[in-house]
Every structure is written in structure tokens, then in C-alpha cells.
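Engineer: I am sharing run_31.txt, which consists of compact mmCIF, C-alpha atoms:
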```
# COMPACT_ATOMS: atom_id res chain seq x y z
CA GLU A 1 -1.95 31.69 -9.98
CA LEU A 2 -4.54 30.05 -7.75
CA LEU A 3 -3.83 32.45 -4.90
CA ALA A 4 -4.73 35.32 -7.20
CA SER A 5 -8.36 34.23 -7.04
CA HIS A 6 -8.54 32.05 -3.93
CA HIS A 7 -7.88 32.61 -0.25
CA ALA A 8 -5.86 29.39 0.12
CA VAL A 9 -4.54 26.33 -1.69
CA VAL A 10 -4.33 22.97 0.08
CA PHE A 11 -1.99 20.30 -1.32
CA GLY A 12 -3.06 16.70 -0.64
CA VAL A 13 -0.80 15.00 -3.19
CA GLY A 14 0.17 12.03 -1.00
CA ALA A 15 3.33 9.98 -1.29
CA ALA A 16 3.49 8.88 -4.91
CA ALA A 17 6.83 7.05 -5.00
CA ASP A 18 7.61 3.55 -3.74
CA ARG A 19 10.52 2.60 -1.55
CA LYS A 20 12.74 0.31 -3.59
CA LEU A 21 13.72 -3.23 -2.65
CA GLN A 22 17.52 -3.05 -2.49
CA VAL A 23 18.49 -6.66 -3.34
CA PRO A 24 20.07 -8.25 -6.43
CA GLY A 25 17.56 -9.02 -9.17
CA ALA A 26 14.91 -6.59 -7.94
CA GLU A 27 14.73 -4.96 -11.39
CA LEU A 28 13.91 -8.19 -13.25
CA PRO A 29 10.71 -8.33 -15.31
CA GLY A 30 8.01 -9.82 -13.12
CA ALA A 31 8.98 -7.65 -10.16
CA LEU A 32 6.54 -4.79 -9.69
CA SER A 33 5.95 -2.20 -7.01
CA ALA A 34 2.59 -1.94 -5.28
CA THR A 35 2.03 1.40 -6.99
CA GLN A 36 2.54 -0.22 -10.39
CA ILE A 37 0.20 -3.17 -9.85
CA VAL A 38 -2.48 -1.10 -8.10
CA GLY A 39 -2.28 1.38 -10.96
CA TRP A 40 -2.56 -1.54 -13.40
CA TYR A 41 -5.79 -2.91 -12.01
CA ASN A 42 -7.23 0.56 -11.42
CA GLY A 43 -6.48 1.64 -14.99
CA HIS A 44 -4.13 4.49 -14.06
CA PRO A 45 -2.71 5.86 -17.35
CA ASP A 46 0.86 5.75 -16.01
CA HIS A 47 0.61 2.05 -15.18
CA SER A 48 -2.05 0.52 -17.42
CA GLU A 49 0.48 -0.92 -19.87
CA HIS A 50 2.38 -3.03 -17.32
CA THR A 51 2.74 -6.74 -18.01
CA VAL A 52 1.67 -8.74 -14.95
CA ASP A 53 2.75 -12.38 -15.08
CA LEU A 54 -0.12 -14.48 -13.74
CA THR A 55 1.04 -17.78 -15.25
CA HIS A 56 2.53 -19.19 -12.04
CA LYS A 57 0.58 -20.78 -9.19
CA ARG A 58 2.20 -18.55 -6.58
CA ALA A 59 2.65 -14.78 -6.27
CA VAL A 60 4.74 -13.19 -3.52
CA VAL A 61 4.09 -9.82 -1.90
CA ILE A 62 6.87 -8.28 0.21
CA GLY A 63 5.42 -6.16 3.02
CA ASN A 64 2.15 -6.58 4.90
CA GLY A 65 0.45 -3.21 5.12
CA ASN A 66 -3.07 -2.50 3.88
CA VAL A 67 -1.92 -2.11 0.27
CA ALA A 68 -0.15 -5.49 0.39
CA LEU A 69 -3.35 -7.17 1.57
CA ASP A 70 -5.37 -5.34 -1.07
CA VAL A 71 -3.05 -6.65 -3.79
CA ALA A 72 -3.39 -10.18 -2.38
CA ARG A 73 -7.18 -9.79 -2.38
CA ILE A 74 -7.34 -8.73 -6.02
CA LEU A 75 -5.04 -11.56 -7.14
CA THR A 76 -7.18 -14.23 -5.42
CA THR A 77 -10.76 -12.94 -5.74
CA ASP A 78 -13.02 -14.60 -8.31
CA PRO A 79 -12.81 -12.19 -11.28
CA GLU A 80 -16.56 -12.38 -11.78
CA LEU A 81 -16.99 -10.75 -8.37
CA LEU A 82 -14.84 -7.89 -9.64
CA ALA A 83 -16.68 -7.48 -12.94
CA ASP A 84 -19.15 -4.92 -11.56
CA THR A 85 -16.41 -2.81 -9.96
CA ASP A 86 -14.28 -0.09 -11.53
CA ILE A 87 -11.39 -2.50 -12.20
CA SER A 88 -9.78 -1.89 -15.57
CA THR A 89 -10.97 -4.12 -18.40
CA PRO A 90 -7.47 -5.38 -19.39
CA ALA A 91 -6.73 -6.30 -15.76
CA LEU A 92 -10.06 -8.10 -15.41
CA GLU A 93 -9.39 -10.14 -18.55
CA ALA A 94 -5.89 -11.00 -17.32
CA LEU A 95 -7.27 -12.11 -13.95
CA ARG A 96 -9.85 -14.30 -15.71
CA GLY A 97 -6.96 -16.24 -17.22
CA SER A 98 -4.82 -16.22 -14.05
CA ALA A 99 -3.15 -19.39 -12.79
CA VAL A 100 -2.43 -17.89 -9.35
CA GLU A 101 -3.66 -20.16 -6.57
CA GLU A 102 -1.69 -18.76 -3.64
CA VAL A 103 -0.39 -15.35 -2.63
CA VAL A 104 2.32 -15.34 0.04
CA VAL A 105 2.44 -12.06 1.98
CA ALA A 106 5.94 -11.93 3.51
CA ALA A 107 6.95 -9.52 6.28
CA ARG A 108 10.36 -8.92 7.82
CA GLY A 109 9.02 -8.51 11.36
CA GLY A 110 6.94 -10.78 13.56
CA ALA A 111 3.16 -11.02 13.64
CA GLU A 112 3.01 -8.52 16.50
CA ARG A 113 4.35 -5.90 14.06
CA SER A 114 1.78 -6.54 11.34
CA ALA A 115 1.31 -3.25 9.51
CA PHE A 116 -2.20 -3.89 8.18
CA THR A 117 -5.22 -2.59 10.07
CA LEU A 118 -7.88 -4.76 11.67
CA PRO A 119 -10.67 -3.66 9.27
CA GLU A 120 -8.48 -4.62 6.29
CA LEU A 121 -7.89 -8.08 7.77
CA VAL A 122 -11.58 -8.54 8.56
CA GLY A 123 -12.48 -7.58 4.99
CA LEU A 124 -9.94 -10.01 3.59
CA THR A 125 -11.32 -12.93 5.56
CA GLY A 126 -14.78 -12.30 4.14
CA VAL A 127 -13.86 -12.72 0.47
CA PRO A 128 -15.78 -15.69 -0.98
CA GLY A 129 -13.57 -18.51 -2.27
CA VAL A 130 -10.46 -17.24 -0.49
CA SER A 131 -8.92 -18.69 2.67
CA VAL A 132 -6.42 -16.77 4.81
CA ARG A 133 -3.89 -18.62 6.94
CA VAL A 134 -0.91 -17.76 9.13
CA GLU A 135 2.22 -19.88 8.94
CA PRO A 136 2.44 -22.39 11.83
CA GLY A 137 4.28 -21.06 14.86
CA ALA A 138 4.05 -17.40 13.91
CA LEU A 139 1.75 -16.61 16.83
CA ASP A 140 3.45 -18.80 19.44
CA GLY A 141 4.35 -16.93 22.64
CA LEU A 142 2.65 -13.70 21.63
CA PRO A 143 0.33 -12.08 24.19
CA GLU A 144 -3.43 -12.33 23.97
CA GLY A 145 -5.69 -9.30 23.98
CA ASP A 146 -4.28 -7.64 20.87
CA PRO A 147 -7.22 -7.40 18.41
CA LYS A 148 -5.15 -8.18 15.32
CA LEU A 149 -3.34 -11.12 16.91
CA ASP A 150 -6.60 -12.47 18.29
CA MET A 151 -8.14 -12.19 14.83
CA LEU A 152 -5.22 -14.08 13.33
CA ARG A 153 -5.65 -16.81 15.96
CA SER A 154 -9.33 -17.16 15.14
CA LEU A 155 -8.96 -17.56 11.37
CA PRO A 156 -11.17 -20.44 10.14
CA PRO A 157 -9.53 -23.56 8.69
CA VAL A 158 -8.50 -23.47 5.04
CA ARG A 159 -11.47 -24.50 2.91
CA GLU A 160 -10.93 -27.08 0.21
CA GLY A 161 -10.96 -25.57 -3.25
CA ASP A 162 -10.29 -22.01 -2.04
CA LYS A 163 -7.50 -19.83 -3.29
CA LEU A 164 -5.05 -19.13 -0.51
CA ILE A 165 -3.45 -16.10 1.10
CA THR A 166 -0.59 -17.11 3.40
CA LEU A 167 0.80 -14.62 5.92
CA ARG A 168 4.49 -15.25 6.56
CA TYR A 169 6.71 -13.52 9.12
CA GLY A 170 10.41 -13.08 9.81
CA LEU A 171 11.38 -13.24 6.14
CA SER A 172 13.96 -10.72 4.89
CA PRO A 173 14.53 -10.80 1.11
CA ALA A 174 18.12 -11.47 0.05
CA GLU A 175 17.77 -11.82 -3.72
CA VAL A 176 15.31 -12.06 -6.57
CA ARG A 177 16.11 -15.08 -8.70
CA GLY A 178 15.72 -15.46 -12.43
CA ASP A 179 17.56 -15.06 -15.72
CA GLU A 180 15.32 -13.06 -18.02
CA ALA A 181 12.40 -12.75 -15.56
CA VAL A 182 11.53 -13.46 -11.95
CA SER A 183 11.49 -17.15 -11.08
CA GLY A 184 11.78 -16.99 -7.30
CA VAL A 185 12.66 -15.01 -4.21
CA GLY A 186 15.48 -16.00 -1.87
CA PHE A 187 15.42 -14.95 1.79
CA GLU A 188 18.17 -14.45 4.35
CA ASN A 189 17.18 -17.65 6.17
CA GLY A 190 18.00 -19.65 3.03
CA GLU A 191 14.41 -20.30 2.00
CA VAL A 192 13.44 -19.84 -1.63
CA LEU A 193 9.87 -19.30 -2.81
CA ASP A 194 9.19 -20.07 -6.47
CA THR A 195 7.12 -17.38 -8.15
CA GLY A 196 6.68 -15.52 -11.40
CA LEU A 197 5.25 -12.38 -9.83
CA LEU A 198 6.88 -10.38 -7.05
CA VAL A 199 5.14 -7.30 -5.68
CA THR A 200 7.02 -5.00 -3.31
CA SER A 201 4.89 -3.05 -0.86
CA ILE A 202 7.46 -1.79 1.61
CA GLY A 203 6.48 1.83 1.99
CA TYR A 204 6.07 5.06 0.12
CA ARG A 205 7.79 8.38 -0.22
CA GLY A 206 6.60 11.85 -1.12
CA LEU A 207 7.93 13.66 -4.17
CA PRO A 208 8.83 17.35 -4.51
CA VAL A 209 6.02 19.71 -5.50
CA ALA A 210 6.98 22.50 -7.87
CA GLY A 211 7.16 25.82 -6.05
CA LEU A 212 7.06 24.35 -2.53
CA PRO A 213 9.91 23.64 -0.10
CA PHE A 214 10.78 19.97 0.31
CA ASP A 215 12.42 17.88 3.03
CA ASP A 216 14.30 15.28 1.00
CA GLU A 217 15.15 13.17 4.03
CA ARG A 218 11.55 12.78 5.19
CA GLY A 219 9.90 13.08 1.78
CA THR A 220 7.51 15.78 3.00
CA VAL A 221 6.77 19.47 2.54
CA PRO A 222 7.97 21.29 5.71
CA ASN A 223 4.99 22.77 7.53
CA ASP A 224 3.69 24.06 10.84
CA GLU A 225 0.40 22.25 11.60
CA GLY A 226 -0.28 22.21 7.88
CA ARG A 227 0.90 25.75 7.17
CA VAL A 228 3.60 26.03 4.50
CA SER A 229 3.46 29.76 3.73
CA PRO A 230 0.66 32.36 3.78
CA GLY A 231 -2.24 30.82 1.89
CA ILE A 232 -0.45 27.49 1.23
CA TYR A 233 -1.31 24.37 3.24
CA VAL A 234 -0.61 20.64 3.10
CA VAL A 235 -2.53 17.63 4.32
CA GLY A 236 -2.05 13.87 4.44
CA TRP A 237 1.13 11.98 3.65
CA ILE A 238 2.87 14.91 1.95
CA LYS A 239 2.34 16.74 5.26
CA ARG A 240 3.45 14.13 7.80
CA GLY A 241 4.97 11.20 5.88
CA PRO A 242 3.56 7.82 4.76
CA ARG A 243 1.95 6.50 7.91
CA GLY A 244 -1.58 5.88 9.07
CA PHE A 245 -4.72 5.06 7.12
CA ILE A 246 -8.00 6.74 6.16
CA GLY A 247 -8.97 7.61 9.72
CA THR A 248 -5.54 9.11 10.39
CA ASN A 249 -5.78 11.22 7.26
CA ARG A 250 -9.23 12.44 8.27
CA GLY A 251 -7.87 13.80 11.55
CA CYS A 252 -4.88 15.27 9.74
CA ALA A 253 -7.21 17.08 7.33
CA GLN A 254 -9.28 18.46 10.20
CA ASP A 255 -6.13 19.88 11.82
CA THR A 256 -5.06 21.60 8.61
CA VAL A 257 -8.54 23.05 8.01
CA ALA A 258 -8.60 24.32 11.60
CA ALA A 259 -5.31 26.12 10.96
CA LEU A 260 -6.66 27.58 7.72
CA ILE A 261 -9.81 28.89 9.44
CA GLU A 262 -7.73 30.33 12.27
CA ASP A 263 -5.57 32.17 9.74
CA TYR A 264 -8.61 33.48 7.87
CA ASN A 265 -10.25 34.74 11.05
CA ALA A 266 -6.97 36.39 12.04
CA GLY A 267 -6.86 38.26 8.73
CA ALA A 268 -3.81 36.39 7.45
CA LEU A 269 -5.51 35.64 4.13
CA GLY A 270 -6.29 38.44 1.72
CA ALA A 271 -9.98 39.29 1.24
CA GLY A 272 -9.57 39.22 -2.50
CA GLY A 273 -7.82 35.89 -2.41
CA GLN A 274 -4.28 37.24 -2.44
CA ALA A 275 -2.53 35.82 0.64
CA ARG A 276 -0.58 38.24 2.81
CA ALA A 277 1.78 37.65 5.71
CA ALA A 278 0.10 37.61 9.12
```
Please render this file's structure as C-alpha cells.

Structural biologist:
Amino acid sequence: ELLASHHAVVFGVGAAADRKLQVPGAELPGALSATQIVGWYNGHPDHSEHTVDLTHKRAVVIGNGNVALDVARILTTDPELLADTDISTPALEALRGSAVEEVVVAARGGAERSAFTLPELVGLTGVPGVSVRVEPGALDGLPEGDPKLDMLRSLPPVREGDKLITLRYGLSPAEVRGDEAVSGVGFENGEVLDTGLLVTSIGYRGLPVAGLPFDDERGTVPNDEGRVSPGIYVVGWIKRGPRGFIGTNRGCAQDTVAALIEDYNAGALGAGGQARAA
């Protein structure tokens, strides 16, 4: 229908589904995906009714990409600093009554494989009333000169009275503990972290788009430099899979637009908006 009145349609629908944590107990109440909790504090209508248990002193986030750090930031930031933002009112009120004092961000790999970007880490370290620390020994033996590792080495000491974000490495979840709700997370090394809130942020996956081809293995719409079919284009994570950040998506968008302009100049798009084969 859109092609009847437009030269082209560009799909930038992203990767809307979470990868699931495949361990026993992962479906217990108190275990949420990053999409669910981000939707909760942003007031997304699909996620605004979630119950987020903030009655325990510790929350655990599995995964350490940018979204994982963003979740940790929201859970530890003074709610009054969030009051002038677009955070949802129910989430703000819940955070005002939160008992969370520490968020543990647990990653399977070592510190050298940290998935978050340097700007995200820098932003996190500047939050008033929040201290960021790396578990002792996590940086031992790693080379110098890597900007993220050097930033982790230079983190200031934990300030008394601050809420805490602890970056942990080499932890692979084995089970989520609890009877009727989450009470802890057990890892393959035998360690157990007590918590009432578990957030999984271990990657995303694209979903099929009605009327478009779909690569179920990669979770993307098959394309050639953004081209799907005459007049149909994709951009972002639905184009190339869930990797990269804002800067990566900007370059991806530029490539797709360049392909669209090339097709238009070559006469591959109908003058009246109806696409035709080149």
C-alpha cells in the first residue's frame, strides 16, 4: 500500500526479541529480560504492567553490553535525578521505594571481552551517588593500551554511602534459585548470588516482518546492501543482526540510503511511487 504512493519503504524495526537464558528456573517471577525492564521504566505499553521486585539489596544483571549497564544505572541512580526525565511515573515511584544497594553485572567472558562501549562506561562512572568497581583480579595479566581496560583500571575508589555497581567476569549461570520467585542465581563455578531481581541482557533477535522474507537462523531480513526487493529496503539490526551501537547504525543507514539513491537515479523506482524491477 505504501509503495502505491511512495518511491520506497525503509524498514528499521530493529531486533525486538530477547535471547532467552536457558537454565533451570529462568522463568520464575523476578526474572525479567532487558527488553521487559527497559520497557517498564520507559512506559512501553507492552511492558508497563510488569512487577519489578526492588525489595532486595542486590539485583543481578546477566550480560554486560550497553543495555545491561543502562539497566544498572537506572536501578542505582537517585530517583530524584530521574524525576525530570521521561521515565514512567509508576517506575519512578517504585524506584523511590527501592531497597537495591548493589547491582552485580555478570559476564561469561573476561574483562577483555566487555561488550559495553567506552562512552557508556564513562557515562556510568559520572552518575552522582553511584560507585563502579571491578572485582579484584579481573584485570590481572591483561594488556595495557586498550581504552576500556585502561578505564576500568582507573576507576576511583568506592565512595562511602554510594550505591554500587560491581562488574564481574567469568561467571556462567547454571540455575536460577527460588520456589515461588527468584531468590538467587547459581553459577557454574559454584558461587551463588542472593537476589530478588534477575535481569537477562544476553542479546537480541529480529522478528519476522509481515510480507518480507526472513532468515530465521540469523534473525534478519535477507538483503543486498539494504535492498530487499524493488522499493523495499532495510536498515539497522533487522538488516545486519544485533551488533554495534548508535554510530554503527548511523553508518548502516547511510549505506542503505546510498543504495536507495543509486536505484532512484538508475530508474529502478517508479516515478509515481510504484516500484518496478531494474

Engineer: So which one's closest to Leu118 in chain A, A:Thr35, A:Thr166, A:Asn66, A:Ser154? Using only C-alpha atoms, please.

Structural biologist: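 Closest to Leu118 in chain A of all the choices is A:Asn66.
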
Engineer: My list of candidates is A:Thr85, A:Thr51, A:Thr200, A:Thr117. Which is closest to Asp18 in chain A when distances are computed with all atoms listed in the file?

Structural biologist: A:Thr200

Engineer: Between A:Leu54, A:Leu2, A:Ala111, A:Leu260, which is the closest to Thr195 in chain A once you count only C-alpha atoms?

Structural biologist: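 Counting only C-alpha atoms, the residue closest to Thr195 in chain A is A:Leu54.
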
Engineer: Measuring atom to atom with only C-alpha atoms, identify which of A:Pro242, A:Cys252, A:Ala266, A:Val176 is nearest to Val199 in chain A.

Structural biologist: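 Distance minimum relative to Val199 in chain A lands on A:Val176.
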
Engineer: Quote the spacing between CA of Pro29 in chain A and CA of Arg58 in chain A in Å to one decimal place.

Structural biologist: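 Computing it gives 15.9 Å between the two atoms.
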
Engineer: Between A:Val234, A:Ala8, A:Ile37, A:Leu171, which has the minimum distance to Glu49 in chain A (counting all atoms listed in the file)?

Structural biologist: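 Going through A:Val234, A:Ala8, A:Ile37, A:Leu171 one by one, the smallest distance to Glu49 in chain A is for A:Ile37.
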
Engineer: For Asp224 in chain A, list every protein, DNA or RNA residue within 10 Å, evaluated using only C-alpha atoms, and leave out those in the same chain fewer than 6 positions away; present the list as JSON, numbers by chain.

Structural biologist: {"A": [233, 234, 239, 256, 259]}

Engineer: Please tell me which residues are no farther than 8 Å from (5.5, -14.3, 1.0) in the file, counting all atoms listed in the file, and write them as a PyMOL selection string.

Structural biologist: chain A and resi 59-62+103-107+166-168+171+193

Engineer: Quote the spacing between CA of Leu155 in chain A and CA of Leu81 in chain A in Å to one decimal place.

Structural biologist: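 Value for the CA of Leu155 in chain A-CA of Leu81 in chain A distance: 22.4 Å.
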
Engineer: Which residues come within 10 Å of Ala94 in chain A, counting only C-alpha atoms, excluding same-chain residues fewer than 6 positions away, as a ChimeraX atom specification?

Structural biologist: /A:41,51-55,79

Engineer: Let me make sure I understand: among A:Ile246, A:Ala174, A:Ile232, A:Ala83, which one has the smallest atom-to-atom distance to Val10 in chain A if we use only C-alpha atoms?

Structural biologist: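 Smallest separation from Val10 in chain A among the options: A:Ile232.
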
Engineer: Could you tell me how far CA of Leu28 in chain A sits from CA of Ile165 in chain A, in Å to one decimal place?

Structural biologist: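 According to the coordinates, CA of Ile165 in chain A and CA of Leu28 in chain A are separated by 23.9 Å.
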
Engineer: Within 12 Å of range 130-133 of chain A, counting only C-alpha atoms, which residues qualify if same-chain residues fewer than 2 places away don't, as a PyMOL selection string?

Structural biologist: chain A and resi 69+72-78+100-105+121-128+135-139+151-169

Engineer: Which neighbours of Arg205 in chain A fall inside 9 Å, counting only C-alpha atoms, when residues of the same chain fewer than 5 positions from it are skipped, and could you give them as a PDB file with C-alpha atoms, keeping the file's coordinate frame?

Structural biologist:
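Resulting contents of around-v5.pdb:
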```pdb
ATOM      1  CA  GLY A  14       0.170  12.030  -1.000  1.00  0.00           C
ATOM      2  CA  ALA A  15       3.330   9.980  -1.290  1.00  0.00           C
ATOM      3  CA  ALA A  16       3.490   8.880  -4.910  1.00  0.00           C
ATOM      4  CA  ALA A  17       6.830   7.050  -5.000  1.00  0.00           C
ATOM      5  CA  ASP A  18       7.610   3.550  -3.740  1.00  0.00           C
ATOM      6  CA  ARG A  19      10.520   2.600  -1.550  1.00  0.00           C
ATOM      7  CA  ARG A 218      11.550  12.780   5.190  1.00  0.00           C
ATOM      8  CA  GLY A 219       9.900  13.080   1.780  1.00  0.00           C
ATOM      9  CA  THR A 220       7.510  15.780   3.000  1.00  0.00           C
ATOM     10  CA  TRP A 237       1.130  11.980   3.650  1.00  0.00           C
ATOM     11  CA  ILE A 238       2.870  14.910   1.950  1.00  0.00           C
ATOM     12  CA  GLY A 241       4.970  11.200   5.880  1.00  0.00           C
ATOM     13  CA  PRO A 242       3.560   7.820   4.760  1.00  0.00           C
TER      14      PRO A 242
END
```

Engineer: Determine, counting all atoms listed in the file, which protein, DNA and RNA residues have an atom within 10 Å of an atom of Val38 in chain A; residues of the same chain fewer than 4 positions away are not included. Present the result as a PyMOL selection string.

Structural biologist: chain A and resi 32-34+42-44+47-48+67-68+70-71+74+87

Engineer: What does the file look like for those residues with C-alpha atoms, as a tab-separated table (two decimals), in the frame of the given file?

Structural biologist:
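again_8.tsv, freshly written:
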```tsv
chain	number	residue	atom	x	y	z
A	32	LEU	CA	6.54	-4.79	-9.69
A	33	SER	CA	5.95	-2.20	-7.01
A	34	ALA	CA	2.59	-1.94	-5.28
A	42	ASN	CA	-7.23	0.56	-11.42
A	43	GLY	CA	-6.48	1.64	-14.99
A	44	HIS	CA	-4.13	4.49	-14.06
A	47	HIS	CA	0.61	2.05	-15.18
A	48	SER	CA	-2.05	0.52	-17.42
A	67	VAL	CA	-1.92	-2.11	0.27
A	68	ALA	CA	-0.15	-5.49	0.39
A	70	ASP	CA	-5.37	-5.34	-1.07
A	71	VAL	CA	-3.05	-6.65	-3.79
A	74	ILE	CA	-7.34	-8.73	-6.02
A	87	ILE	CA	-11.39	-2.50	-12.20
```

Engineer: Would you compute, for all listed atoms of range 208-215 of chain A, the axis-aligned bounding box grown by 8 Å on each side, and then report its centre and edge lengths in Å rounded to one decimal, as AutoDock Vina command-line options?

Structural biologist:
```
--center_x 9.2 --center_y 21.6 --center_z -2.4 --size_x 22.4 --size_y 24.5 --size_z 26.9
```

Engineer: Would you kindly place all heavy atoms on range 248-258 of chain A and return the model as an mmCIF file, in the frame of the given file?

Structural biologist:
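Full text of out-v8.cif as output:
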```
data_model
loop_
_atom_site.group_PDB
_atom_site.id
_atom_site.type_symbol
_atom_site.label_atom_id
_atom_site.label_comp_id
_atom_site.auth_asym_id
_atom_site.auth_seq_id
_atom_site.Cartn_x
_atom_site.Cartn_y
_atom_site.Cartn_z
ATOM 1 N N THR A 248 -6.639 8.210 10.030
ATOM 2 C CA THR A 248 -5.540 9.110 10.390
ATOM 3 C C THR A 248 -5.539 10.322 9.482
ATOM 4 O O THR A 248 -5.339 11.457 9.940
ATOM 5 C CB THR A 248 -4.195 8.371 10.270
ATOM 6 O OG1 THR A 248 -4.318 7.054 10.777
ATOM 7 C CG2 THR A 248 -3.108 9.114 11.033
ATOM 8 N N ASN A 249 -5.764 10.109 8.198
ATOM 9 C CA ASN A 249 -5.780 11.220 7.260
ATOM 10 C C ASN A 249 -6.958 12.154 7.501
ATOM 11 O O ASN A 249 -6.873 13.366 7.267
ATOM 12 C CB ASN A 249 -5.806 10.697 5.822
ATOM 13 C CG ASN A 249 -4.442 10.246 5.345
ATOM 14 O OD1 ASN A 249 -3.436 10.831 5.718
ATOM 15 N ND2 ASN A 249 -4.398 9.201 4.544
ATOM 16 N N ARG A 250 -8.076 11.591 7.963
ATOM 17 C CA ARG A 250 -9.230 12.440 8.270
ATOM 18 C C ARG A 250 -8.881 13.422 9.386
ATOM 19 O O ARG A 250 -9.166 14.620 9.295
ATOM 20 C CB ARG A 250 -10.422 11.572 8.657
ATOM 21 C CG ARG A 250 -11.697 12.376 8.903
ATOM 22 C CD ARG A 250 -12.847 11.467 9.321
ATOM 23 N NE ARG A 250 -13.212 10.566 8.246
ATOM 24 C CZ ARG A 250 -13.118 9.239 8.325
ATOM 25 N NH1 ARG A 250 -12.657 8.668 9.432
ATOM 26 N NH2 ARG A 250 -13.475 8.479 7.313
ATOM 27 N N GLY A 251 -8.269 12.914 10.456
ATOM 28 C CA GLY A 251 -7.870 13.800 11.550
ATOM 29 C C GLY A 251 -6.833 14.812 11.114
ATOM 30 O O GLY A 251 -6.875 15.981 11.523
ATOM 31 N N CYS A 252 -5.907 14.369 10.268
ATOM 32 C CA CYS A 252 -4.880 15.270 9.740
ATOM 33 C C CYS A 252 -5.514 16.401 8.940
ATOM 34 O O CYS A 252 -5.128 17.566 9.067
ATOM 35 C CB CYS A 252 -3.918 14.453 8.866
ATOM 36 S SG CYS A 252 -2.665 15.407 8.007
ATOM 37 N N ALA A 253 -6.521 16.071 8.126
ATOM 38 C CA ALA A 253 -7.210 17.080 7.330
ATOM 39 C C ALA A 253 -7.940 18.075 8.227
ATOM 40 O O ALA A 253 -7.921 19.289 7.980
ATOM 41 C CB ALA A 253 -8.196 16.410 6.374
ATOM 42 N N GLN A 254 -8.571 17.565 9.282
ATOM 43 C CA GLN A 254 -9.280 18.460 10.200
ATOM 44 C C GLN A 254 -8.319 19.451 10.855
ATOM 45 O O GLN A 254 -8.655 20.633 11.037
ATOM 46 C CB GLN A 254 -9.995 17.625 11.260
ATOM 47 C CG GLN A 254 -11.169 16.838 10.704
ATOM 48 C CD GLN A 254 -11.743 15.846 11.701
ATOM 49 O OE1 GLN A 254 -11.067 15.443 12.645
ATOM 50 N NE2 GLN A 254 -12.990 15.445 11.482
ATOM 51 N N ASP A 255 -7.118 18.987 11.200
ATOM 52 C CA ASP A 255 -6.130 19.880 11.820
ATOM 53 C C ASP A 255 -5.703 20.980 10.856
ATOM 54 O O ASP A 255 -5.557 22.154 11.244
ATOM 55 C CB ASP A 255 -4.922 19.075 12.276
ATOM 56 C CG ASP A 255 -5.229 18.145 13.441
ATOM 57 O OD1 ASP A 255 -6.266 18.352 14.096
ATOM 58 O OD2 ASP A 255 -4.437 17.206 13.668
ATOM 59 N N THR A 256 -5.470 20.599 9.592
ATOM 60 C CA THR A 256 -5.060 21.600 8.610
ATOM 61 C C THR A 256 -6.175 22.612 8.363
ATOM 62 O O THR A 256 -5.933 23.825 8.287
ATOM 63 C CB THR A 256 -4.659 20.919 7.287
ATOM 64 O OG1 THR A 256 -3.457 20.165 7.479
ATOM 65 C CG2 THR A 256 -4.421 21.950 6.185
ATOM 66 N N VAL A 257 -7.414 22.131 8.244
ATOM 67 C CA VAL A 257 -8.540 23.050 8.010
ATOM 68 C C VAL A 257 -8.719 23.984 9.203
ATOM 69 O O VAL A 257 -9.025 25.173 9.031
ATOM 70 C CB VAL A 257 -9.826 22.249 7.726
ATOM 71 C CG1 VAL A 257 -11.042 23.169 7.715
ATOM 72 C CG2 VAL A 257 -9.703 21.522 6.388
ATOM 73 N N ALA A 258 -8.504 23.456 10.420
ATOM 74 C CA ALA A 258 -8.600 24.320 11.600
ATOM 75 C C ALA A 258 -7.557 25.429 11.538
ATOM 76 O O ALA A 258 -7.839 26.588 11.881
ATOM 77 C CB ALA A 258 -8.414 23.486 12.870
#
```
